[in-house]
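Colleague: Sharing coords-v1.pdb here; it has PDB, C-alpha atoms, pLDDT in the B column.
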MODEL        1
ATOM      1  CA  ALA A   1       0.000   0.000   0.000  1.00 50.00           C
ATOM      2  CA  ALA A   2       1.150   3.527  -0.747  1.00 48.00           C
ATOM      3  CA  SER A   3       2.244   5.782   2.021  1.00 49.00           C
ATOM      4  CA  PRO A   4       0.274   8.984   2.807  1.00 50.00           C
ATOM      5  CA  GLY A   5       2.971  11.190   1.251  1.00 49.00           C
ATOM      6  CA  GLU A   6       2.896   9.320  -2.011  1.00 49.00           C
ATOM      7  CA  ALA A   7      -0.902   9.447  -2.088  1.00 46.00           C
ATOM      8  CA  ALA A   8      -0.903  13.239  -1.685  1.00 45.00           C
ATOM      9  CA  SER A   9       1.650  13.770  -4.404  1.00 45.00           C
ATOM     10  CA  ALA A  10      -0.304  11.541  -6.707  1.00 46.00           C
ATOM     11  CA  GLN A  11      -3.484  13.645  -6.209  1.00 51.00           C
ATOM     12  CA  VAL A  12      -1.934  17.087  -6.948  1.00 48.00           C
ATOM     13  CA  SER A  13       0.443  16.255  -9.729  1.00 51.00           C
ATOM     14  CA  VAL A  14      -0.781  17.177 -13.269  1.00 51.00           C
ATOM     15  CA  PRO A  15       0.805  15.590 -16.183  1.00 53.00           C
ATOM     16  CA  PRO A  16       2.476  18.186 -18.422  1.00 55.00           C
ATOM     17  CA  LEU A  17       0.721  19.166 -21.751  1.00 50.00           C
ATOM     18  CA  ASP A  18       2.528  18.899 -24.971  1.00 55.00           C
ATOM     19  CA  ALA A  19       3.333  22.131 -26.845  1.00 51.00           C
ATOM     20  CA  PRO A  20       0.569  21.941 -29.556  1.00 51.00           C
ATOM     21  CA  ALA A  21      -2.110  21.319 -26.971  1.00 48.00           C
ATOM     22  CA  ALA A  22      -0.917  24.182 -24.769  1.00 45.00           C
ATOM     23  CA  ALA A  23      -0.906  26.574 -27.682  1.00 47.00           C
ATOM     24  CA  GLN A  24      -4.419  25.498 -28.627  1.00 52.00           C
ATOM     25  CA  VAL A  25      -5.627  26.131 -25.042  1.00 48.00           C
ATOM     26  CA  LEU A  26      -3.913  29.504 -24.636  1.00 47.00           C
ATOM     27  CA  GLU A  27      -4.779  30.922 -28.101  1.00 52.00           C
ATOM     28  CA  THR A  28      -7.666  33.391 -28.043  1.00 50.00           C
ATOM     29  CA  PRO A  29     -10.185  32.589 -30.746  1.00 51.00           C
ATOM     30  CA  THR A  30     -10.572  35.392 -33.282  1.00 52.00           C
ATOM     31  CA  VAL A  31     -13.754  35.711 -35.353  1.00 48.00           C
ATOM     32  CA  ALA A  32     -13.044  36.953 -38.852  1.00 52.00           C
ATOM     33  CA  PRO A  33     -15.375  39.765 -39.829  1.00 50.00           C
ATOM     34  CA  SER A  34     -17.708  39.105 -42.711  1.00 51.00           C
ATOM     35  CA  GLU A  35     -17.230  40.889 -46.033  1.00 53.00           C
ATOM     36  CA  GLU A  36     -20.375  43.025 -45.474  1.00 51.00           C
ATOM     37  CA  ALA A  37     -19.223  44.063 -41.990  1.00 46.00           C
ATOM     38  CA  ALA A  38     -15.734  44.879 -43.293  1.00 46.00           C
ATOM     39  CA  SER A  39     -17.039  47.011 -46.099  1.00 49.00           C
ATOM     40  CA  ALA A  40     -19.701  48.848 -44.052  1.00 47.00           C
ATOM     41  CA  PRO A  41     -17.228  51.147 -42.182  1.00 49.00           C
ATOM     42  CA  VAL A  42     -15.603  52.046 -45.517  1.00 45.00           C
ATOM     43  CA  GLU A  43     -18.938  53.051 -47.015  1.00 49.00           C
ATOM     44  CA  VAL A  44     -19.788  55.125 -43.960  1.00 42.00           C
ATOM     45  CA  ALA A  45     -16.448  56.837 -44.123  1.00 44.00           C
ATOM     46  CA  ALA A  46     -16.941  57.517 -47.787  1.00 45.00           C
ATOM     47  CA  ALA A  47     -20.355  58.952 -47.055  1.00 44.00           C
ATOM     48  CA  LYS A  48     -18.853  61.157 -44.383  1.00 50.00           C
ATOM     49  CA  GLU A  49     -16.166  62.347 -46.768  1.00 53.00           C
ATOM     50  CA  ALA A  50     -18.701  63.462 -49.406  1.00 50.00           C
ATOM     51  CA  PRO A  51     -19.965  66.934 -48.326  1.00 54.00           C
ATOM     52  CA  VAL A  52     -23.672  67.532 -48.615  1.00 51.00           C
ATOM     53  CA  ASP A  53     -24.342  71.022 -49.997  1.00 52.00           C
ATOM     54  CA  VAL A  54     -27.710  71.654 -48.433  1.00 50.00           C
ATOM     55  CA  LEU A  55     -27.437  75.415 -48.848  1.00 53.00           C
ATOM     56  CA  HIS A  56     -26.658  75.375 -52.580  1.00 58.00           C
ATOM     57  CA  THR A  57     -29.565  76.468 -54.780  1.00 59.00           C
ATOM     58  CA  PRO A  58     -29.302  75.615 -58.475  1.00 61.00           C
ATOM     59  CA  PRO A  59     -29.340  78.666 -60.755  1.00 66.00           C
ATOM     60  CA  PRO A  60     -32.781  79.500 -62.132  1.00 70.00           C
ATOM     61  CA  VAL A  61     -33.434  78.230 -65.622  1.00 67.00           C
ATOM     62  CA  PRO A  62     -34.170  81.176 -67.942  1.00 66.00           C
ATOM     63  CA  PRO A  63     -37.578  80.955 -69.569  1.00 67.00           C
ATOM     64  CA  ALA A  64     -37.532  79.749 -73.122  1.00 63.00           C
ATOM     65  CA  GLU A  65     -38.009  82.494 -75.662  1.00 65.00           C
ATOM     66  CA  ALA A  66     -41.390  82.460 -77.246  1.00 60.00           C
ATOM     67  CA  PRO A  67     -41.160  81.559 -80.919  1.00 54.00           C
ATOM     68  CA  THR A  68     -41.582  84.489 -83.250  1.00 59.00           C
ATOM     69  CA  PRO A  69     -44.925  84.126 -84.939  1.00 56.00           C
ATOM     70  CA  ALA A  70     -44.714  83.849 -88.676  1.00 56.00           C
ATOM     71  CA  GLU A  71     -46.031  86.789 -90.594  1.00 57.00           C
ATOM     72  CA  ALA A  72     -49.622  86.251 -91.472  1.00 52.00           C
ATOM     73  CA  PRO A  73     -50.168  86.006 -95.194  1.00 50.00           C
ATOM     74  CA  ALA A  74     -51.890  88.929 -96.748  1.00 50.00           C
ATOM     75  CA  PRO A  75     -55.611  88.442 -97.153  1.00 53.00           C
ATOM     76  CA  ALA A  76     -56.595  87.197-100.551  1.00 50.00           C
ATOM     77  CA  GLU A  77     -58.834  90.202-101.153  1.00 55.00           C
ATOM     78  CA  ALA A  78     -55.928  92.605-100.534  1.00 59.00           C
ATOM     79  CA  SER A  79     -53.767  91.078-103.266  1.00 72.00           C
ATOM     80  CA  ALA A  80     -56.496  90.473-105.851  1.00 86.00           C
ATOM     81  CA  PRO A  81     -56.673  92.739-108.931  1.00 90.00           C
ATOM     82  CA  LYS A  82     -59.128  95.574-108.561  1.00 90.00           C
ATOM     83  CA  SER A  83     -61.636  97.329-110.765  1.00 95.00           C
ATOM     84  CA  VAL A  84     -62.035 101.081-110.384  1.00 96.00           C
ATOM     85  CA  GLU A  85     -63.931 103.840-112.135  1.00 97.00           C
ATOM     86  CA  VAL A  86     -62.048 107.086-112.674  1.00 98.00           C
ATOM     87  CA  THR A  87     -63.548 110.488-113.435  1.00 98.00           C
ATOM     88  CA  ILE A  88     -61.301 113.344-114.516  1.00 98.00           C
ATOM     89  CA  VAL A  89     -63.305 116.246-113.162  1.00 98.00           C
ATOM     90  CA  SER A  90     -61.394 119.468-113.747  1.00 98.00           C
ATOM     91  CA  ALA A  91     -58.162 121.444-113.471  1.00 98.00           C
ATOM     92  CA  LYS A  92     -57.419 124.819-111.982  1.00 98.00           C
ATOM     93  CA  GLY A  93     -54.677 127.435-112.320  1.00 98.00           C
ATOM     94  CA  LEU A  94     -52.977 125.964-115.413  1.00 98.00           C
ATOM     95  CA  ARG A  95     -50.097 127.699-117.117  1.00 96.00           C
ATOM     96  CA  ASN A  96     -50.822 129.648-120.283  1.00 94.00           C
ATOM     97  CA  ALA A  97     -48.666 127.884-122.840  1.00 91.00           C
ATOM     98  CA  ASP A  98     -50.022 129.954-125.777  1.00 83.00           C
ATOM     99  CA  SER A  99     -48.926 133.383-124.499  1.00 68.00           C
ATOM    100  CA  ARG A 100     -45.857 133.332-126.738  1.00 61.00           C
ATOM    101  CA  MET A 101     -47.958 132.991-129.879  1.00 54.00           C
ATOM    102  CA  LEU A 102     -48.518 136.651-130.848  1.00 52.00           C
ATOM    103  CA  GLY A 103     -49.734 137.290-127.299  1.00 58.00           C
ATOM    104  CA  GLU A 104     -53.162 135.897-128.085  1.00 69.00           C
ATOM    105  CA  GLY A 105     -55.203 133.031-126.712  1.00 83.00           C
ATOM    106  CA  LEU A 106     -54.863 130.717-123.753  1.00 93.00           C
ATOM    107  CA  SER A 107     -53.919 127.072-123.308  1.00 95.00           C
ATOM    108  CA  ASP A 108     -56.170 124.421-124.804  1.00 97.00           C
ATOM    109  CA  PRO A 109     -55.879 121.750-122.120  1.00 98.00           C
ATOM    110  CA  TYR A 110     -56.745 118.075-122.099  1.00 98.00           C
ATOM    111  CA  CYS A 111     -55.860 115.293-119.667  1.00 98.00           C
ATOM    112  CA  ILE A 112     -54.569 111.742-120.187  1.00 98.00           C
ATOM    113  CA  LEU A 113     -54.957 108.768-117.816  1.00 98.00           C
ATOM    114  CA  LYS A 114     -52.103 106.232-117.694  1.00 97.00           C
ATOM    115  CA  PRO A 115     -52.550 103.349-115.223  1.00 96.00           C
ATOM    116  CA  GLY A 116     -49.064 102.488-113.997  1.00 94.00           C
ATOM    117  CA  GLY A 117     -47.677 105.476-115.917  1.00 93.00           C
ATOM    118  CA  GLU A 118     -47.031 103.537-119.124  1.00 89.00           C
ATOM    119  CA  LYS A 119     -49.866 103.114-121.614  1.00 94.00           C
ATOM    120  CA  GLU A 120     -52.537 105.719-122.246  1.00 96.00           C
ATOM    121  CA  LEU A 121     -55.978 104.404-121.324  1.00 96.00           C
ATOM    122  CA  ALA A 122     -58.200 107.463-121.731  1.00 97.00           C
ATOM    123  CA  ARG A 123     -58.117 111.100-122.830  1.00 98.00           C
ATOM    124  CA  THR A 124     -60.458 113.969-122.117  1.00 98.00           C
ATOM    125  CA  PRO A 125     -61.759 116.307-124.787  1.00 98.00           C
ATOM    126  CA  VAL A 126     -59.850 119.550-125.419  1.00 98.00           C
ATOM    127  CA  VAL A 127     -61.178 122.712-123.792  1.00 98.00           C
ATOM    128  CA  ASN A 128     -60.063 125.679-125.860  1.00 96.00           C
ATOM    129  CA  ASP A 129     -58.663 128.900-124.390  1.00 95.00           C
ATOM    130  CA  CYS A 130     -59.089 127.948-120.742  1.00 96.00           C
ATOM    131  CA  LEU A 131     -56.820 127.777-117.699  1.00 97.00           C
ATOM    132  CA  ASP A 132     -59.498 126.278-115.439  1.00 98.00           C
ATOM    133  CA  PRO A 133     -61.065 123.585-117.614  1.00 98.00           C
ATOM    134  CA  VAL A 134     -63.966 121.429-116.509  1.00 98.00           C
ATOM    135  CA  TRP A 135     -64.075 118.080-118.278  1.00 98.00           C
ATOM    136  CA  ASP A 136     -66.154 115.860-115.988  1.00 98.00           C
ATOM    137  CA  HIS A 137     -64.885 113.008-118.131  1.00 98.00           C
ATOM    138  CA  GLY A 138     -65.861 109.535-117.012  1.00 96.00           C
ATOM    139  CA  PRO A 139     -66.356 107.241-115.366  1.00 97.00           C
ATOM    140  CA  ILE A 140     -63.426 105.462-116.993  1.00 97.00           C
ATOM    141  CA  ARG A 141     -63.435 101.765-116.139  1.00 97.00           C
ATOM    142  CA  VAL A 142     -60.045 100.301-115.179  1.00 95.00           C
ATOM    143  CA  ASP A 143     -60.112  96.499-114.768  1.00 94.00           C
ATOM    144  CA  GLY A 144     -57.407  94.139-113.511  1.00 92.00           C
ATOM    145  CA  LEU A 145     -55.608  96.861-111.590  1.00 91.00           C
ATOM    146  CA  ALA A 146     -52.897  95.397-109.349  1.00 90.00           C
ATOM    147  CA  PRO A 147     -53.035  96.694-105.755  1.00 86.00           C
ATOM    148  CA  ASP A 148     -49.669  98.458-106.075  1.00 92.00           C
ATOM    149  CA  THR A 149     -50.391 100.107-109.437  1.00 95.00           C
ATOM    150  CA  PRO A 150     -50.692 103.909-109.356  1.00 97.00           C
ATOM    151  CA  LEU A 151     -52.857 106.082-111.577  1.00 97.00           C
ATOM    152  CA  VAL A 152     -50.860 108.690-113.500  1.00 98.00           C
ATOM    153  CA  PHE A 153     -52.484 111.811-114.961  1.00 98.00           C
ATOM    154  CA  GLU A 154     -50.882 114.152-117.474  1.00 98.00           C
ATOM    155  CA  VAL A 155     -52.278 117.527-118.563  1.00 98.00           C
ATOM    156  CA  TRP A 156     -51.310 118.851-121.990  1.00 98.00           C
ATOM    157  CA  ASP A 157     -51.896 121.947-124.101  1.00 97.00           C
ATOM    158  CA  LYS A 158     -53.168 121.110-127.583  1.00 95.00           C
ATOM    159  CA  ASP A 159     -51.201 122.837-130.338  1.00 92.00           C
ATOM    160  CA  LEU A 160     -51.055 122.504-134.105  1.00 89.00           C
ATOM    161  CA  LEU A 161     -47.411 121.443-134.246  1.00 89.00           C
ATOM    162  CA  LYS A 162     -46.458 120.061-130.843  1.00 92.00           C
ATOM    163  CA  ASP A 163     -48.439 119.710-127.627  1.00 95.00           C
ATOM    164  CA  ASP A 164     -46.951 121.305-124.526  1.00 95.00           C
ATOM    165  CA  PRO A 165     -46.977 119.666-121.071  1.00 97.00           C
ATOM    166  CA  LEU A 166     -48.912 121.539-118.393  1.00 98.00           C
ATOM    167  CA  GLY A 167     -48.232 119.216-115.469  1.00 98.00           C
ATOM    168  CA  ARG A 168     -48.594 115.674-114.188  1.00 98.00           C
ATOM    169  CA  VAL A 169     -49.488 113.916-110.975  1.00 98.00           C
ATOM    170  CA  THR A 170     -49.416 110.352-109.618  1.00 98.00           C
ATOM    171  CA  LEU A 171     -52.191 108.974-107.442  1.00 98.00           C
ATOM    172  CA  THR A 172     -50.764 106.019-105.517  1.00 96.00           C
ATOM    173  CA  SER A 173     -52.819 102.907-104.806  1.00 94.00           C
ATOM    174  CA  GLN A 174     -52.569 103.639-101.063  1.00 94.00           C
ATOM    175  CA  GLU A 175     -54.478 106.861-101.725  1.00 96.00           C
ATOM    176  CA  PHE A 176     -57.472 105.282-103.480  1.00 96.00           C
ATOM    177  CA  LEU A 177     -57.558 101.686-102.136  1.00 93.00           C
ATOM    178  CA  PRO A 178     -59.731 100.413-100.635  1.00 91.00           C
ATOM    179  CA  ASN A 179     -62.073 103.384-100.115  1.00 94.00           C
ATOM    180  CA  GLY A 180     -61.649 105.397-103.315  1.00 96.00           C
ATOM    181  CA  PHE A 181     -60.596 109.019-103.712  1.00 98.00           C
ATOM    182  CA  ASP A 182     -62.294 112.362-104.418  1.00 98.00           C
ATOM    183  CA  GLY A 183     -60.314 115.587-104.293  1.00 97.00           C
ATOM    184  CA  PRO A 184     -57.675 117.862-105.795  1.00 98.00           C
ATOM    185  CA  LEU A 185     -54.123 116.803-106.596  1.00 98.00           C
ATOM    186  CA  LYS A 186     -51.259 119.257-106.999  1.00 98.00           C
ATOM    187  CA  LEU A 187     -49.713 119.093-110.457  1.00 98.00           C
ATOM    188  CA  GLU A 188     -45.951 118.646-110.702  1.00 97.00           C
ATOM    189  CA  ASP A 189     -43.895 120.357-113.409  1.00 96.00           C
ATOM    190  CA  ALA A 190     -46.740 122.829-113.903  1.00 97.00           C
ATOM    191  CA  GLY A 191     -44.389 125.703-114.652  1.00 94.00           C
ATOM    192  CA  LYS A 192     -42.364 128.203-112.695  1.00 93.00           C
ATOM    193  CA  GLY A 193     -44.466 129.857-110.021  1.00 94.00           C
ATOM    194  CA  ILE A 194     -47.593 127.937-111.070  1.00 96.00           C
ATOM    195  CA  GLU A 195     -49.771 126.275-108.411  1.00 96.00           C
ATOM    196  CA  ALA A 196     -52.087 124.169-110.532  1.00 98.00           C
ATOM    197  CA  THR A 197     -54.354 121.358-109.347  1.00 98.00           C
ATOM    198  CA  LEU A 198     -56.277 118.490-110.911  1.00 98.00           C
ATOM    199  CA  GLN A 199     -59.594 117.287-109.510  1.00 98.00           C
ATOM    200  CA  ILE A 200     -59.987 113.481-109.628  1.00 98.00           C
ATOM    201  CA  ARG A 201     -62.605 111.021-108.429  1.00 98.00           C
ATOM    202  CA  VAL A 202     -61.947 107.266-108.082  1.00 98.00           C
ATOM    203  CA  VAL A 203     -64.594 104.709-107.115  1.00 97.00           C
ATOM    204  CA  VAL A 204     -63.480 101.161-106.199  1.00 95.00           C
ATOM    205  CA  CYS A 205     -65.813  98.604-107.730  1.00 93.00           C
ATOM    206  CA  GLY A 206     -64.225  95.485-106.225  1.00 76.00           C
ATOM    207  CA  ASP A 207     -62.051  92.568-107.292  1.00 73.00           C
ATOM    208  CA  ALA A 208     -61.703  91.718-110.952  1.00 60.00           C
ATOM    209  CA  ALA A 209     -59.851  89.160-112.997  1.00 51.00           C
ATOM    210  CA  SER A 210     -56.705  90.417-114.666  1.00 44.00           C
ATOM    211  CA  PRO A 211     -57.340  90.965-118.397  1.00 44.00           C
ATOM    212  CA  GLY A 212     -55.771  88.522-120.806  1.00 41.00           C
TER     213      GLY A 212
ENDMDL
END
Can the structure from this file be put into structure tokens for me?

Modeller:
Amino acid sequence: AASPGEAASAQVSVPPLDAPAAAQVLETPTVAPSEEAASAPVEVAAAKEAPVDVLHTPPPVPPAEAPTPAEAPAPAEASAPKSVEVTIVSAKGLRNADSRMLGEGLSDPYCILKPGGEKELARTPVVNDCLDPVWDHGPIRVDGLAPDTPLVFEVWDKDLLKDDPLGRVTLTSQEFLPNGFDGPLKLEDAGKGIEATLQIRVVVCGDAASPG
């Protein structure tokens, strides 16, 4: 039988652990962080690094310019050829172109109508020895008159050899369209110091087809 001293030493003695086992007991277990947990602090840091400009107000957007409206086409009735009736009423204060002929007689005036100033359309009768003739010639029908065509009037003195000009005047379309015209017109080239006038009346009949 074992002695009491041997029994006591047998109870308290611990067999020594080998090195691998001791290391396994003493090593503190470390839990590896998951990929989501590892990346979360980085994302938070990145979010903290990005400044949030809460006070910045974006510049106002200028209003878009309204489109320029296209010019409205002229009404069809404004551009259609017109028909008018012209009356050459009278003239007043004409120059005496016959005073050089032996000092006798006065001008023998007549008036010509030229639509557009080119071709003669009508002519009044001649009034002999008169500086204030009254013709009251008309109405003269003018068909197919373009809206921008003027009416040109020329006053002449009838002579045996060569007729002398006594003045001319142009009545623009703006003056007689669309409401007509009735009044005196000052003659141009009437002579030095001469203030002559021509009385004209124009009545607008309406639209008309251009001749030809």

Colleague: Specify as a ChimeraX atom specification each residue included when the PyMOL selection byres ((chain A and resi 158-162) around 6) is applied to this file.

Modeller: /A:108,157,163

Colleague: Once you have the residues from the selection above, write them out as a PDB file, keeping the file's coordinate frame, restricted to C-alpha atoms.

Modeller:
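Just written: out27.pdb:
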ATOM      1  CA  ASP A 108     -56.170 124.421-124.804  1.00 97.00           C
ATOM      2  CA  ASP A 157     -51.896 121.947-124.101  1.00 97.00           C
ATOM      3  CA  ASP A 163     -48.439 119.710-127.627  1.00 95.00           C
TER       4      ASP A 163
END

Colleague: What does the distance from CA of Arg141 (chain A) to CA of Leu121 (chain A) come to in Å, to one decimal?

Modeller: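 We find that CA of Arg141 (chain A) and CA of Leu121 (chain A) lie 9.5 Å from each other.
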
Colleague: Record the distance separating CA of Ser79 (chain A) and CA of Thr170 (chain A), expressed in Å with one decimal.

Modeller: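 Those two atoms sit 20.8 Å apart.
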
Colleague: What does the PyMOL selection byres ((chain A and resi 113) around 7) select in this file, as an mmCIF file with C-alpha atoms, keeping the file's coordinate frame?

Modeller:
data_model
loop_
_atom_site.group_PDB
_atom_site.id
_atom_site.type_symbol
_atom_site.label_atom_id
_atom_site.label_comp_id
_atom_site.auth_asym_id
_atom_site.auth_seq_id
_atom_site.Cartn_x
_atom_site.Cartn_y
_atom_site.Cartn_z
ATOM 1 C CA CYS A 111 -55.860 115.293 -119.667
ATOM 2 C CA ILE A 112 -54.569 111.742 -120.187
ATOM 3 C CA LYS A 114 -52.103 106.232 -117.694
ATOM 4 C CA PRO A 115 -52.550 103.349 -115.223
ATOM 5 C CA GLU A 120 -52.537 105.719 -122.246
ATOM 6 C CA LEU A 121 -55.978 104.404 -121.324
ATOM 7 C CA ALA A 122 -58.200 107.463 -121.731
ATOM 8 C CA ARG A 123 -58.117 111.100 -122.830
ATOM 9 C CA VAL A 152 -50.860 108.690 -113.500
ATOM 10 C CA PHE A 153 -52.484 111.811 -114.961
ATOM 11 C CA GLU A 154 -50.882 114.152 -117.474
#

Colleague: Step by step, work through what the PyMOL selection byres ((chain A and resi 132) around 9) selects in the shown file, and finish by giving those residues as a ChimeraX atom specification.

Modeller: /A:90-94,109,130-131,133-134

Colleague: Rounded to one decimal, what separation in Å do you get between CA of Ala146 (chain A) and CA of Leu185 (chain A)?

Modeller: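 Rounded to one decimal, the two atoms are 21.6 Å apart.
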
Colleague: Given the point (-58.4, 133.8, -126.2) in the coordinates of this file, which residues lie within 9 Å, counting all atoms listed in the file, and how would they look as a PyMOL selection string?

Modeller: chain A and resi 104-107+128-130

Colleague: Rank A:Val155, A:Val204, A:Leu177, A:Leu198 by their smallest atom-to-atom distance to Val84 (chain A), using only C-alpha atoms, and report the top residue only.

Modeller: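 Looking only at the distances to Val84 (chain A), the closest residue turns out to be A:Val204.
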
Colleague: Restricting the calculation to all atoms listed in the file, which member of A:Thr87, A:Thr149, A:Arg95, A:Val127 is positioned closest to Gln199 (chain A)?

Modeller: A:Thr87

Colleague: Could you list as a VMD selection string every residue that has an atom within 10 Å of (-49.0, 127.2, -112.5), using the file's coordinates and counting all atoms listed in the file?

Modeller: chain A and resid 92 to 96 131 166 to 167 186 to 197
